[in-house]
Amino acid sequence: MNKKVIDLYDYFNLEKAEGAAGILTAYTINEYNFCPSRTRPAMLVIAGGGYRAISQREKEPIAIEFLAKGYNVFILDYSIVNYKHPTQLIEGCMSIAYIRENAAKLKVDPEHIGAIGFSAGGHLCGMLATMYNDPEVIEALGEKAKLCRPNAVVLSYAVLSAYGKIHEGSFKILCGEDDDGTIRDKLNLPKRVTKDSVPAFIWCTIGDTVVPCENSFLMAMAYREKGVPFEFHTFEIGGHGLSLSTMETAAPSAPHQNNIPVQEWINLMFNWLNGKGFVIDNHRGE
């Protein structure tokens with residue numbers, strides 16, 4: 001296993017605000033001597049935390065699941081609390097662009113780079129799915145903005161809707177002073193879905209009282225309306241912050257015994273990703 005930490009602002013030669021994050025940690029699998037030319041799908045992991053913190057339960061435990069399936073994995077520590085939109089979107093886009101630009105060196109298939117986000121991290125992941133070509137991204141990254149579109153996203157009990165049954169705290173941080181609601185409107189992701197949005201696997205639980213399941217329902221309906229490929233699963237039981245839905249990773253407020261059936265989301269997701277071509281290239285080389 002190889003581990004490398006990348007300051008995305010340094011890599012893209014962008015000015016970095018004091019205290020900002022934008023740190024990408026790469027975990028790449030050592031290649032064996034009998035398959036030196038093997039390429040792998042890549043997954044960008046974006047943990048939640050209401051844009052106030054970054055949940056440790058949704059970082060390395062998730063990365064390990066993907067590494068076990070043969071993915072190369074990248075964890076994004078994005079800027080929180082005092083940093084408004086578009087900071088987080090640009091950091092997410094820099095992550096995808098970094099992976100794609102370095103695909104050959106990383107032994108990554110540049111056509112199979114995905115992102116998975118949880119809760120508020122799911123909102124950032126949803127922005128990558130719908131706003132990868134936003135003018136502010138193009139202004140920041142120039143020609144490299146063409147590298148920012150992921151090939152698939154996984155939206156896990158994600159903050160998606162800016163109106164109705166929402167997670168208000170996330171939008172207060174992202175929008176800052178937004179008296180006329182312009183930024184909130186822009187970050188209302190079901191309304192940002194177009195025919196060019198990224199295919200999505202969406203899952204949630206009915207029992208989630210932190211980020212209501214209506215967020216995921218609205219996103220799925222938007223995908224359906226625009227004809228974008230998606231798969232949607234909702235579980236009757238389970239609460240918020242489940243991560244892998246195990247005793248080790250689920251939030252203390254969600255009793256473990258109620259989470260066990262929700263663990264199936266992992267198999268469902270991998271089956272969907274496999275169907276999208278997220279598989280290891282078994283080319284053995286010479």
# chains A, B, ... in the order shown; residues from 1 in each chain; ligands from 1
call {"tool": "closest_atom_pairs", "arguments": {"of": "stretch 151-212 of chain A", "to": "stretch 95-98 of chain A", "cutoff": "12 Å", "atoms": "only C-alpha atoms", "output": "CSV"}}
result
residue,atom,partner,partner_atom,distance
A:Asn151,CA,A:Ile96,CA,9.9
A:Ala152,CA,A:Ile96,CA,11.4
A:Val153,CA,A:Ile96,CA,11.7
call {"tool": "select_by_dssp", "arguments": {"residues": "stretch 62-144 of chain A", "states": "helix (DSSP H, G or I)", "output": "PyMOL selection string"}}
result
chain A and resi 62-68+87-101+103-106+120-130+135-144
call {"tool": "select_by_dssp", "arguments": {"residues": "stretch 67-263 of chain A", "states": "strand (DSSP E)", "output": "ChimeraX atom specification"}}
result
/A:72-77,108-118,152-156,200-205,230-235
call {"tool": "closest_residue", "arguments": {"among": "A:Tyr11, A:Phe201, A:Phe270, A:Tyr157", "to": "A:Ala220", "atoms": "only C-alpha atoms"}}
result
A:Phe201
call {"tool": "residues_around", "arguments": {"residues": "stretch 204-208 of chain A", "least_positions_apart": "4", "cutoff": "10 Å", "atoms": "only C-alpha atoms", "output": "PyMOL selection string"}}
result
chain A and resi 119+155-158+212-217+232-242+254+259+262+265
call {"tool": "closest_residue", "arguments": {"among": "A:Ile54, A:Val137, A:Ile80, A:Ala115", "to": "A:Cys93", "atoms": "only C-alpha atoms"}}
result
A:Val137
call {"tool": "atom_distance", "arguments": {"atom1": "atom CA of A:Ala104", "atom2": "atom CA of A:Leu67"}}
result
18.3 Å
call {"tool": "closest_residue", "arguments": {"among": "A:Ala200, A:Ala42, A:Ala103, A:Ala47", "to": "A:Tyr71", "atoms": "only C-alpha atoms"}}
result
A:Ala42
